[in-house]
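Asks: Data: model.txt, compact mmCIF, C-alpha atoms (C1' of nucleotides).
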```txt
# COMPACT_ATOMS: atom_id res chain seq x y z
CA MET A 1 130.25 93.85 131.92
CA SER A 2 128.85 94.87 135.28
CA ALA A 3 125.68 93.43 136.70
CA ILE A 4 124.08 96.82 136.44
CA THR A 5 124.50 97.16 132.73
CA GLU A 6 123.26 93.60 132.44
CA ARG A 7 120.09 94.55 134.24
CA ARG A 8 119.76 97.56 131.96
CA GLU A 9 120.05 95.42 128.89
CA ARG A 10 117.42 93.09 130.29
CA GLU A 11 115.09 95.98 130.89
CA ARG A 12 115.82 97.34 127.47
CA ALA A 13 115.01 94.02 125.82
CA HIS A 14 111.83 93.84 127.86
CA ARG A 15 110.79 97.29 126.71
CA HIS A 16 111.64 96.33 123.17
CA GLN A 17 109.14 93.51 123.28
CA LEU A 18 106.67 95.73 125.10
CA ILE A 19 106.64 98.11 122.15
CA ILE A 20 106.03 95.29 119.71
CA THR A 21 103.13 93.80 121.62
CA ALA A 22 101.63 97.22 122.25
CA ALA A 23 101.73 97.99 118.54
CA ARG A 24 100.14 94.68 117.76
CA GLU A 25 97.38 95.04 120.33
CA LEU A 26 96.60 98.53 119.19
CA ALA A 27 96.46 97.38 115.57
CA GLU A 28 94.26 94.43 116.36
CA ALA A 29 91.92 96.60 118.39
CA GLU A 30 91.60 99.60 116.07
CA GLY A 31 93.45 98.82 112.87
CA TRP A 32 96.89 99.89 111.71
CA GLU A 33 95.80 103.39 110.74
CA ALA A 34 95.24 103.99 114.46
CA VAL A 35 98.80 103.00 115.31
CA THR A 36 100.66 106.29 115.45
CA THR A 37 103.97 106.84 117.15
CA ARG A 38 102.33 109.15 119.66
CA ARG A 39 99.64 106.74 120.69
CA LEU A 40 102.14 103.94 120.83
CA ALA A 41 104.48 105.96 123.01
CA GLU A 42 101.64 106.85 125.33
CA ARG A 43 100.68 103.21 125.56
CA VAL A 44 104.12 102.03 126.62
CA GLU A 45 104.34 105.04 128.96
CA TYR A 46 107.42 106.53 127.38
CA SER A 47 107.97 109.49 125.13
CA GLN A 48 108.15 109.20 121.37
CA PRO A 49 111.94 109.28 120.96
CA VAL A 50 112.45 106.05 122.89
CA LEU A 51 110.69 104.24 120.08
CA TYR A 52 113.42 105.45 117.77
CA SER A 53 116.13 104.24 120.10
CA HIS A 54 114.72 100.75 119.60
CA PHE A 55 113.61 100.86 115.97
CA ASN A 56 114.69 102.72 112.88
CA GLY A 57 111.17 103.99 112.32
CA LYS A 58 107.55 103.01 112.25
CA ASP A 59 108.04 100.56 109.41
CA ALA A 60 110.62 98.70 111.48
CA ILE A 61 108.08 98.31 114.27
CA VAL A 62 105.55 96.89 111.84
CA SER A 63 108.22 94.52 110.56
CA ALA A 64 108.94 93.35 114.10
CA VAL A 65 105.25 92.64 114.62
CA ALA A 66 105.23 90.77 111.32
CA ILE A 67 108.13 88.56 112.36
CA ASP A 68 106.35 87.63 115.56
CA GLY A 69 103.36 86.86 113.38
CA PHE A 70 105.38 84.53 111.18
CA SER A 71 106.47 82.56 114.22
CA GLU A 72 102.90 82.21 115.37
CA LEU A 73 101.73 81.25 111.92
CA ALA A 74 104.40 78.57 111.67
CA ALA A 75 103.39 77.16 115.05
CA HIS A 76 99.71 77.33 114.13
CA LEU A 77 100.26 75.46 110.88
CA ARG A 78 102.52 72.92 112.52
CA ARG A 79 99.92 72.15 115.15
CA ALA A 80 97.27 71.67 112.49
CA ARG A 81 99.51 69.46 110.42
CA LEU A 82 100.44 67.16 113.31
CA ALA A 83 96.85 66.96 114.49
CA ALA A 84 95.55 65.82 111.12
CA PRO A 85 93.80 62.47 111.52
CA GLU A 86 95.31 60.79 108.45
CA PRO A 87 98.06 61.64 105.93
CA GLY A 88 95.55 62.43 103.21
CA GLN A 89 94.05 65.15 105.35
CA THR A 90 97.16 67.10 106.28
CA LEU A 91 97.05 69.47 103.35
CA ARG A 92 93.43 70.33 104.01
CA ALA A 93 94.10 70.82 107.70
CA VAL A 94 97.04 73.12 107.10
CA CYS A 95 95.20 75.16 104.49
CA ARG A 96 92.22 75.58 106.74
CA ALA A 97 94.49 76.62 109.57
CA TYR A 98 96.07 79.23 107.31
CA LEU A 99 92.75 80.79 106.42
CA GLU A 100 91.71 80.67 110.06
CA PHE A 101 94.83 82.57 111.01
CA ALA A 102 94.21 85.22 108.38
CA THR A 103 90.59 85.84 109.29
CA GLU A 104 91.02 85.75 113.05
CA ARG A 105 94.04 88.08 113.18
CA PRO A 106 93.46 90.39 110.22
CA ALA A 107 95.70 93.16 111.51
CA LEU A 108 98.58 90.82 112.20
CA TYR A 109 98.11 89.24 108.79
CA GLN A 110 98.22 92.67 107.20
CA ALA A 111 101.51 93.47 108.88
CA MET A 112 102.93 90.23 107.52
CA PHE A 113 101.69 90.43 103.96
CA VAL A 114 100.14 93.73 102.96
CA LEU A 115 101.77 96.65 104.71
CA PRO A 116 105.01 98.15 103.46
CA THR A 117 107.84 96.56 105.37
CA ASP A 118 111.59 96.59 105.73
CA LEU A 119 111.84 92.82 105.51
CA LYS A 120 113.87 91.10 102.86
CA PHE A 121 112.18 88.00 101.51
CA ALA A 122 113.46 85.24 99.29
CA SER A 123 117.04 86.11 100.06
CA ALA A 124 119.77 85.19 102.49
CA GLN A 125 118.25 87.51 105.08
CA THR A 126 114.85 85.88 104.97
CA PRO A 127 113.60 85.75 108.56
CA PRO A 128 113.76 82.12 109.76
CA PRO A 129 110.17 82.19 111.09
CA LEU A 130 108.94 82.98 107.60
CA ARG A 131 110.93 80.12 106.18
CA ALA A 132 109.53 77.87 108.91
CA ALA A 133 105.96 78.78 108.00
CA PHE A 134 106.65 78.10 104.35
CA ASP A 135 108.21 74.74 105.21
CA GLU A 136 104.98 73.67 106.84
CA PHE A 137 103.40 73.81 103.41
CA VAL A 138 106.30 71.93 101.88
CA SER A 139 105.88 69.22 104.50
CA CYS A 140 102.35 68.60 103.30
CA PHE A 141 103.73 66.96 100.18
CA ARG A 142 105.53 63.68 99.79
CA PRO A 143 109.32 63.82 100.06
CA ASP A 144 109.72 62.04 96.74
CA ASN A 145 107.91 64.89 95.03
CA ASP A 146 110.70 66.86 93.42
CA ARG A 147 108.38 69.79 92.86
CA ARG A 148 107.36 70.21 96.49
CA GLU A 149 108.55 73.80 96.58
CA LEU A 150 106.46 74.66 93.58
CA PHE A 151 103.44 72.96 95.11
CA ALA A 152 103.96 74.89 98.32
CA GLU A 153 104.44 78.23 96.57
CA PHE A 154 101.31 77.70 94.58
CA THR A 155 99.24 76.61 97.56
CA TRP A 156 100.42 79.55 99.57
CA SER A 157 99.68 81.99 96.75
CA ALA A 158 96.18 80.65 96.28
CA LEU A 159 95.44 80.82 99.99
CA HIS A 160 96.84 84.31 100.26
CA GLY A 161 94.73 85.48 97.34
CA MET A 162 91.63 83.95 98.86
CA ALA A 163 92.38 85.46 102.25
CA VAL A 164 93.02 88.98 101.08
CA LEU A 165 90.30 89.19 98.43
CA SER A 166 87.80 87.81 100.89
CA ASP A 167 88.90 90.14 103.69
CA SER A 168 88.52 93.19 101.49
CA GLY A 169 85.15 91.99 100.25
CA ARG A 170 86.25 91.56 96.65
CA ILE A 171 84.97 87.99 96.62
CA PRO A 172 82.10 86.77 98.82
CA PRO A 173 83.54 85.74 102.19
CA ASP A 174 81.03 82.97 102.72
CA GLY A 175 82.30 81.00 99.75
CA GLN A 176 85.65 80.50 101.43
CA GLU A 177 85.05 76.91 102.54
CA GLU A 178 83.97 75.93 99.06
CA ARG A 179 87.07 77.48 97.52
CA LEU A 180 89.26 75.77 100.09
CA ASP A 181 87.71 72.46 99.16
CA PHE A 182 88.32 73.20 95.51
CA LEU A 183 91.98 73.99 96.10
CA VAL A 184 92.63 70.87 98.11
CA THR A 185 90.91 68.48 95.75
CA GLN A 186 92.70 70.03 92.79
CA ILE A 187 96.11 69.53 94.29
CA ALA A 188 95.33 66.19 95.90
CA GLY A 189 94.44 64.81 92.49
CA THR A 190 97.99 65.42 91.36
CA PRO A 191 100.61 62.68 91.19
CA ARG A 192 102.70 62.67 94.38
CA GLY A 193 100.50 65.48 95.69
CA MET B 1 70.55 124.54 80.03
CA SER B 2 72.54 127.24 78.30
CA ALA B 3 75.45 126.49 76.00
CA ILE B 4 77.74 128.19 78.47
CA THR B 5 76.96 125.93 81.33
CA GLU B 6 77.28 123.04 78.92
CA ARG B 7 80.78 124.12 78.05
CA ARG B 8 81.56 124.48 81.73
CA GLU B 9 80.39 120.99 82.45
CA ARG B 10 82.50 119.72 79.59
CA GLU B 11 85.55 121.46 80.96
CA ARG B 12 84.76 120.22 84.40
CA ALA B 13 84.50 116.63 83.18
CA HIS B 14 87.74 117.07 81.33
CA ARG B 15 89.49 118.29 84.42
CA HIS B 16 87.96 115.44 86.37
CA GLN B 17 89.66 112.96 84.10
CA LEU B 18 92.82 115.03 84.12
CA ILE B 19 93.10 114.58 87.86
CA ILE B 20 92.63 110.85 87.56
CA THR B 21 95.26 110.39 84.89
CA ALA B 22 97.67 112.70 86.68
CA ALA B 23 97.30 110.66 89.86
CA ARG B 24 97.87 107.48 87.94
CA GLU B 25 100.92 108.75 86.10
CA LEU B 26 102.44 110.07 89.28
CA ALA B 27 101.82 106.75 91.01
CA GLU B 28 103.25 104.74 88.16
CA ALA B 29 106.32 106.95 88.03
CA GLU B 30 107.11 107.25 91.74
CA GLY B 31 104.71 105.00 93.63
CA TRP B 32 101.57 105.86 95.55
CA GLU B 33 103.42 107.21 98.57
CA ALA B 34 104.58 110.05 96.31
CA VAL B 35 101.01 110.94 95.37
CA THR B 36 100.09 113.74 97.74
CA THR B 37 97.28 116.19 97.26
CA ARG B 38 99.77 119.03 96.94
CA ARG B 39 101.87 117.41 94.26
CA LEU B 40 98.76 116.31 92.44
CA ALA B 41 97.32 119.82 92.52
CA GLU B 42 100.58 121.25 91.25
CA ARG B 43 100.59 118.71 88.45
CA VAL B 44 97.12 119.60 87.19
CA GLU B 45 97.98 123.28 87.65
CA TYR B 46 95.21 124.03 90.11
CA SER B 47 95.19 124.58 93.84
CA GLN B 48 94.46 121.83 96.31
CA PRO B 49 90.80 122.63 97.03
CA VAL B 50 89.71 121.96 93.46
CA LEU B 51 90.56 118.33 94.01
CA TYR B 52 87.96 118.29 96.75
CA SER B 53 85.35 119.83 94.51
CA HIS B 54 85.72 116.77 92.30
CA PHE B 55 86.35 114.02 94.84
CA ASN B 56 85.40 113.42 98.44
CA GLY B 57 89.02 112.91 99.36
CA LYS B 58 92.23 111.25 98.39
CA ASP B 59 90.78 107.76 98.74
CA ALA B 60 88.09 108.66 96.24
CA ILE B 61 90.77 109.65 93.74
CA VAL B 62 92.52 106.33 94.21
CA SER B 63 89.19 104.59 93.72
CA ALA B 64 88.63 106.47 90.48
CA VAL B 65 92.03 105.35 89.23
CA ALA B 66 91.15 101.81 90.28
CA ILE B 67 87.91 101.85 88.29
CA ASP B 68 89.77 102.99 85.19
CA GLY B 69 92.14 100.14 85.88
CA PHE B 70 89.32 97.62 86.02
CA SER B 71 88.13 98.74 82.62
CA GLU B 72 91.58 98.31 81.18
CA LEU B 73 92.02 94.97 82.84
CA ALA B 74 88.71 93.74 81.42
CA ALA B 75 89.70 94.87 77.94
CA HIS B 76 93.14 93.35 78.30
CA LEU B 77 91.75 89.99 79.38
CA ARG B 78 89.10 90.06 76.69
CA ARG B 79 91.68 90.67 74.01
CA ALA B 80 93.77 87.78 75.26
CA ARG B 81 90.79 85.46 75.43
CA LEU B 82 89.65 86.22 71.90
CA ALA B 83 93.15 85.93 70.51
CA ALA B 84 93.69 82.46 71.96
CA PRO B 85 94.51 80.05 69.15
CA GLU B 86 92.25 77.21 70.31
CA PRO B 87 89.56 76.75 72.98
CA GLY B 88 91.83 74.72 75.21
CA GLN B 89 94.26 77.61 75.43
CA THR B 90 91.92 80.40 76.46
CA LEU B 91 92.31 79.90 80.20
CA ARG B 92 96.08 79.95 79.92
CA ALA B 93 96.01 83.02 77.72
CA VAL B 94 93.74 84.94 80.08
CA CYS B 95 95.74 83.97 83.15
CA ARG B 96 98.98 85.00 81.51
CA ALA B 97 97.41 88.30 80.48
CA TYR B 98 96.34 88.88 84.07
CA LEU B 99 99.84 88.39 85.44
CA GLU B 100 101.22 90.56 82.66
CA PHE B 101 98.86 93.33 83.65
CA ALA B 102 99.86 93.10 87.30
CA THR B 103 103.60 93.15 86.68
CA GLU B 104 103.60 95.84 84.02
CA ARG B 105 101.37 98.27 85.90
CA PRO B 106 102.18 97.60 89.54
CA ALA B 107 100.93 100.94 90.82
CA LEU B 108 97.63 100.65 89.00
CA TYR B 109 97.26 97.11 90.25
CA GLN B 110 97.87 98.29 93.79
CA ALA B 111 95.14 100.90 93.49
CA MET B 112 92.75 98.21 92.35
CA PHE B 113 93.56 95.51 94.87
CA VAL B 114 95.80 96.58 97.72
CA LEU B 115 95.21 100.18 98.69
CA PRO B 116 92.35 101.18 100.96
CA THR B 117 89.46 102.22 98.81
CA ASP B 118 85.91 103.49 98.96
CA LEU B 119 84.67 100.92 96.49
CA LYS B 120 81.95 98.47 97.35
CA PHE B 121 82.60 95.01 96.01
CA ALA B 122 80.38 91.97 95.78
CA SER B 123 77.28 94.06 96.20
CA ALA B 124 74.72 95.88 94.15
CA GLN B 125 77.07 98.84 93.78
CA THR B 126 79.89 96.78 92.37
CA PRO B 127 81.47 98.87 89.60
CA PRO B 128 80.49 97.34 86.23
CA PRO B 129 84.11 97.32 84.98
CA LEU B 130 85.09 95.08 87.88
CA ARG B 131 82.23 92.75 87.11
CA ALA B 132 83.31 92.75 83.46
CA ALA B 133 86.84 91.75 84.37
CA PHE B 134 85.56 88.95 86.55
CA ASP B 135 83.27 87.75 83.77
CA GLU B 136 86.28 87.29 81.52
CA PHE B 137 87.41 84.57 83.87
CA VAL B 138 83.96 83.04 83.97
CA SER B 139 83.94 82.94 80.18
CA CYS B 140 87.00 80.72 80.21
CA PHE B 141 84.89 77.83 81.43
CA ARG B 142 82.23 75.88 79.63
CA PRO B 143 78.68 77.21 79.95
CA ASP B 144 77.42 73.83 81.13
CA ASN B 145 79.73 74.03 84.12
CA ASP B 146 77.39 75.00 86.93
CA ARG B 147 80.36 75.92 89.12
CA ARG B 148 81.86 78.45 86.74
CA GLU B 149 81.69 81.22 89.29
CA LEU B 150 83.59 79.14 91.80
CA PHE B 151 86.18 78.25 89.19
CA ALA B 152 86.58 81.90 88.32
CA GLU B 153 86.83 83.04 91.93
CA PHE B 154 89.46 80.45 92.63
CA THR B 155 91.47 81.23 89.53
CA TRP B 156 91.38 84.89 90.29
CA SER B 157 92.41 84.35 93.89
CA ALA B 158 95.34 82.18 92.92
CA LEU B 159 96.52 84.68 90.31
CA HIS B 160 96.16 87.56 92.70
CA GLY B 161 98.17 85.74 95.35
CA MET B 162 100.88 84.95 92.86
CA ALA B 163 100.97 88.51 91.59
CA VAL B 164 101.18 90.21 94.95
CA LEU B 165 103.53 87.76 96.65
CA SER B 166 105.82 87.89 93.67
CA ASP B 167 105.71 91.67 93.44
CA SER B 168 106.65 92.07 97.09
CA GLY B 169 109.41 89.50 96.73
CA ARG B 170 107.84 87.00 99.11
CA ILE B 171 108.10 84.27 96.49
CA PRO B 172 110.76 84.21 93.76
CA PRO B 173 109.48 86.27 90.82
CA ASP B 174 111.19 84.11 88.20
CA GLY B 175 109.11 81.07 89.10
CA GLN B 176 105.96 82.82 87.93
CA GLU B 177 105.69 81.04 84.60
CA GLU B 178 106.06 77.67 86.26
CA ARG B 179 103.35 78.46 88.78
CA LEU B 180 101.08 79.71 86.02
CA ASP B 181 101.56 76.46 84.20
CA PHE B 182 100.75 74.56 87.38
CA LEU B 183 97.53 76.49 87.92
CA VAL B 184 96.30 76.00 84.39
CA THR B 185 97.02 72.30 84.20
CA GLN B 186 95.40 71.74 87.58
CA ILE B 187 92.17 73.38 86.54
CA ALA B 188 92.21 72.09 82.99
CA GLY B 189 92.31 68.55 84.36
CA THR B 190 88.95 69.13 85.97
CA PRO B 191 85.69 67.86 84.44
CA ARG B 192 84.04 70.64 82.41
CA GLY B 193 87.05 72.88 83.19
C1' DC C 1 75.05 148.06 84.67
C1' DA C 2 74.28 146.16 89.22
C1' DG C 3 73.61 141.74 92.01
C1' DG C 4 74.20 137.32 92.87
C1' DA C 5 75.87 132.97 91.98
C1' DT C 6 79.92 130.34 90.66
C1' DG C 7 84.51 129.19 90.73
C1' DT C 8 89.16 129.51 92.59
C1' DC C 9 92.86 130.61 95.70
C1' DT C 10 95.36 131.92 99.98
C1' DA C 11 95.97 130.70 104.42
C1' DG C 12 95.65 127.79 108.11
C1' DC C 13 94.07 123.76 111.27
C1' DG C 14 95.11 119.45 113.32
C1' DT C 15 97.86 115.34 112.83
C1' DT C 16 101.58 112.62 111.05
C1' DG C 17 106.68 110.59 111.32
C1' DC C 18 110.83 111.98 112.99
C1' DT C 19 114.80 114.65 115.40
C1' DA C 20 117.72 118.18 117.76
C1' DG C 21 119.16 119.83 122.18
C1' DG C 22 118.75 120.31 126.90
C1' DA C 23 117.66 118.30 131.43
C1' DT C 24 118.08 114.53 134.57
C1' DG C 25 120.09 110.83 136.58
C1' DT C 26 123.82 107.21 137.01
C1' DC C 27 128.36 105.38 136.74
C1' DG C 28 133.46 104.95 137.52
C1' DC C 29 137.54 107.23 139.21
C1' DC C 30 140.52 109.88 142.28
C1' DG D 1 132.60 111.54 149.16
C1' DG D 2 132.75 114.49 145.27
C1' DC D 3 133.29 115.13 140.39
C1' DG D 4 133.78 114.69 135.48
C1' DA D 5 131.90 111.51 131.84
C1' DC D 6 128.44 109.06 130.16
C1' DA D 7 123.99 107.25 129.19
C1' DT D 8 119.12 107.98 129.27
C1' DC D 9 115.01 110.37 128.59
C1' DC D 10 111.84 114.25 127.60
C1' DT D 11 110.31 118.80 125.86
C1' DA D 12 109.83 121.21 121.90
C1' DG D 13 109.74 121.71 117.24
C1' DC D 14 110.29 120.73 111.96
C1' DA D 15 108.47 119.60 107.54
C1' DA D 16 104.85 117.33 105.24
C1' DC D 17 100.35 115.29 105.30
C1' DG D 18 94.89 115.50 104.26
C1' DC D 19 91.54 118.68 104.43
C1' DT D 20 88.68 123.19 104.96
C1' DA D 21 87.08 128.03 105.98
C1' DG D 22 86.73 132.38 104.18
C1' DA D 23 88.22 136.00 101.05
C1' DC D 24 88.71 137.25 96.31
C1' DA D 25 87.73 137.27 91.47
C1' DT D 26 84.95 136.21 87.58
C1' DC D 27 81.09 135.59 84.93
C1' DC D 28 76.02 135.09 83.87
C1' DT D 29 71.42 137.04 84.59
C1' DG D 30 67.72 140.42 85.20
```
Spell out the structure here as structure tokens.

Replies:
Amino acid sequence: MSAITERRERERAHRHQLIITAARELAEAEGWEAVTTRRLAERVEYSQPVLYSHFNGKDAIVSAVAIDGFSELAAHLRRARLAAPEPGQTLRAVCRAYLEFATERPALYQAMFVLPTDLKFASAQTPPPLRAAFDEFVSCFRPDNDRRELFAEFTWSALHGMAVLSDSGRIPPDGQEERLDFLVTQIAGTPRG
Amino acid sequence: MSAITERRERERAHRHQLIITAARELAEAEGWEAVTTRRLAERVEYSQPVLYSHFNGKDAIVSAVAIDGFSELAAHLRRARLAAPEPGQTLRAVCRAYLEFATERPALYQAMFVLPTDLKFASAQTPPPLRAAFDEFVSCFRPDNDRRELFAEFTWSALHGMAVLSDSGRIPPDGQEERLDFLVTQIAGTPRG
DNA sequence: CAGGATGTCTAGCGTTGCTAGGATGTCGCC
DNA sequence: GGCGACATCCTAGCAACGCTAGACATCCTG
């Protein structure tokens, strides 16, 4: 492979990421309904069809944003977990970090969990970043707990429900801290929790 | 008011409901992305503009379906609660009924909780059926529990998270019963739960 | 029976996601 | 260096979307 085609592939990869970040910024600024292929193309200063030379369609772009989001979420949770003052506080710290993430980046969170997406979950093709984020929850529980996965699934589900119902105003958003406290004390009171 | 205009209003109300049920059936059969104003108009055997003489727009139709759904959900939960064999089993029965509802009517559930909607929640204009459904959860806890609302909000959040993550395949759907059991035993172990 | 209000439809606007086909530019080969 | 082959990109357009203006028909009222 010549150096020229190498440069081209570099540029192409760069543009690939440019599209993803542009979509994300646009969504975070004006919501996903404002992210149209035309506006996105204009933003990256190319015509519409180049988007389709990088992605199979709009859904694929959203999925790419979501995968980036999973990486960030995993890192965010990991940071919170390691920064927890004492072992008994890790679960609370990670849960709080999760809700923080959801409320501070609502559009990104939507791409990851609400919008229709091409991603395959709970299968062999599960994106590693998603698995990494999930494992942060698993790590909150003691290794000798043979139901760690169940604990993590449940915790995640509860947090997701709280995040999305609160974001859409279906439960009062200001009660979030109280509900978080409830969740953590419930689970902490469990053997090997 | 003349008898004629009365008949007209009756017919109009009938058609109003016809639109709602048609939208719901179409969504349940082929998903909400298949519910377009054109197909809906064709289905009720009127032209498109009549839809707009009944509703402010497509979102308003979805909202109307959602409100019907809340009524059904409230009735469904109520039935389960009253049919519970003993007081200690009511929470489990209601939670199971909730998950049943979500998995058996996924499109209806989406209209109620996922799709963009005109509805105002947690405010004075909260639709009574939604409040009724929520109250079914509250009724699962003892009246002397001064944190019943919190308990109910949390339970609902957890169930919603489980329902939606399972439906989208983000957590394994076959672990649902186990997670339900986990939720119920966690909360039941609480004082005045 | 005429006049006006009511109800409904045809037709079309602007926007959406997506794609075909031509124009432009770049590369490797003789 | 010139030329065919190839890759890249854009203009233009398609079908379908939500929604609406304005014409047509229909029916009640005076």

Asks: Using all atoms listed in the file, I'd like every residue of chain A that has an atom within 6 Å of chain B; please write them out as a ChimeraX atom specification.

Replies: /A:121-122,157-158,160-162,169-170

Asks: Could you tell me which residues of chain C sit within 10 Å of chain A when counting all atoms listed in the file, and give me the result as a list in words?

Replies: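 Result, ordered by chain then number: DT15, DT16, DG17, DC18, DT19 and DC27 of chain C.
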
Asks: Store the residues of this selection in a file with C-alpha atoms (C1' of nucleotides), as a PDB file, keeping the file's coordinate frame.

Replies:
```pdb
ATOM      1  C1'  DT C  15      97.860 115.340 112.830  1.00  0.00           C
ATOM      2  C1'  DT C  16     101.580 112.620 111.050  1.00  0.00           C
ATOM      3  C1'  DG C  17     106.680 110.590 111.320  1.00  0.00           C
ATOM      4  C1'  DC C  18     110.830 111.980 112.990  1.00  0.00           C
ATOM      5  C1'  DT C  19     114.800 114.650 115.400  1.00  0.00           C
ATOM      6  C1'  DC C  27     128.360 105.380 136.740  1.00  0.00           C
TER       7       DC C  27
END
```

Asks: Between B:Val35, B:Leu73, B:Ala22, B:Val184, single out the one closest to chain D, counting all atoms listed in the file.

Replies: B:Val35

Asks: Quick one: of D:DG13, D:DT20, D:DA7, D:DG1, who's nearest to chain B, counting all atoms listed in the file?

Replies: D:DT20

Asks: Between CA of Arg79 in chain A and CA of Asp118 in chain A, what is the distance in Å, rounded to a tenth?

Replies: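 Going from CA of Arg79 in chain A over to CA of Asp118 in chain A covers 28.7 Å.
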
Asks: Report as a list in words the set of chain D residues whose atoms approach chain A to within 12 Å, with distances computed over only C-alpha atoms (C1' of nucleotides).

Replies: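 Every residue of chain D that passes the 12 Å test is in DA7, DT8, DC9, DC10 and DT11 of chain D.
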
Asks: Show which residues sit within 12 Å of DA21 in chain D, as a ChimeraX atom specification. Count all atoms listed in the file, and ignore same-chain residues fewer than 3 positions away.

Replies: /B:49 /C:10-13

Asks: What lies within 12 Å of DA5 in chain D using all atoms listed in the file, ignoring chain neighbours under 4 positions off, as a PyMOL selection string?

Replies: chain C and resi 26-29

Asks: I want to know what sits within 12 Å of DA12 in chain D, based on all atoms listed in the file, with residues of the same chain fewer than 4 positions away left out; could you give that as JSON, numbers by chain?

Replies: {"C": [19, 20, 21, 22]}

Asks: Quick one: everything within 12 Å of Ala27 in chain A, counting only C-alpha atoms (C1' of nucleotides), minus sequence neighbours fewer than 6 positions away in the same chain. Send it as a PDB file with C-alpha atoms, in the coordinates of the input.

Replies:
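Listing of out.pdb after writing:
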```
ATOM      1  CA  ILE A  20     106.030  95.290 119.710  1.00  0.00           C
ATOM      2  CA  THR A  21     103.130  93.800 121.620  1.00  0.00           C
ATOM      3  CA  GLU A  33      95.800 103.390 110.740  1.00  0.00           C
ATOM      4  CA  ALA A  34      95.240 103.990 114.460  1.00  0.00           C
ATOM      5  CA  VAL A  35      98.800 103.000 115.310  1.00  0.00           C
ATOM      6  CA  THR A  36     100.660 106.290 115.450  1.00  0.00           C
ATOM      7  CA  ARG A  39      99.640 106.740 120.690  1.00  0.00           C
ATOM      8  CA  LEU A  40     102.140 103.940 120.830  1.00  0.00           C
ATOM      9  CA  ILE A  61     108.080  98.310 114.270  1.00  0.00           C
ATOM     10  CA  VAL A  62     105.550  96.890 111.840  1.00  0.00           C
ATOM     11  CA  VAL A  65     105.250  92.640 114.620  1.00  0.00           C
ATOM     12  CA  ALA A  66     105.230  90.770 111.320  1.00  0.00           C
ATOM     13  CA  ARG A 105      94.040  88.080 113.180  1.00  0.00           C
ATOM     14  CA  PRO A 106      93.460  90.390 110.220  1.00  0.00           C
ATOM     15  CA  ALA A 107      95.700  93.160 111.510  1.00  0.00           C
ATOM     16  CA  LEU A 108      98.580  90.820 112.200  1.00  0.00           C
ATOM     17  CA  TYR A 109      98.110  89.240 108.790  1.00  0.00           C
ATOM     18  CA  GLN A 110      98.220  92.670 107.200  1.00  0.00           C
ATOM     19  CA  ALA A 111     101.510  93.470 108.880  1.00  0.00           C
TER      20      ALA A 111
END
```

Asks: Mind pulling up the distance from CA of Glu136 in chain A to CA of Ala80 in chain A?

Replies: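 Value for the CA of Ala80 in chain A-CA of Glu136 in chain A distance: 9.8 Å.
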
Asks: List as a list of chain:residue names: which residues have an atom within 9 Å of (95.7, 90.0, 83.3), counting all atoms listed in the file?

Replies: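 These residues have at least one counted atom within 9 Å: B:Leu73, B:Ala74, B:His76, B:Leu77, B:Ala80, B:Ala93, B:Val94, B:Cys95, B:Arg96, B:Ala97, B:Tyr98, B:Leu99, B:Glu100, B:Phe101, B:Ala102, B:Leu159.
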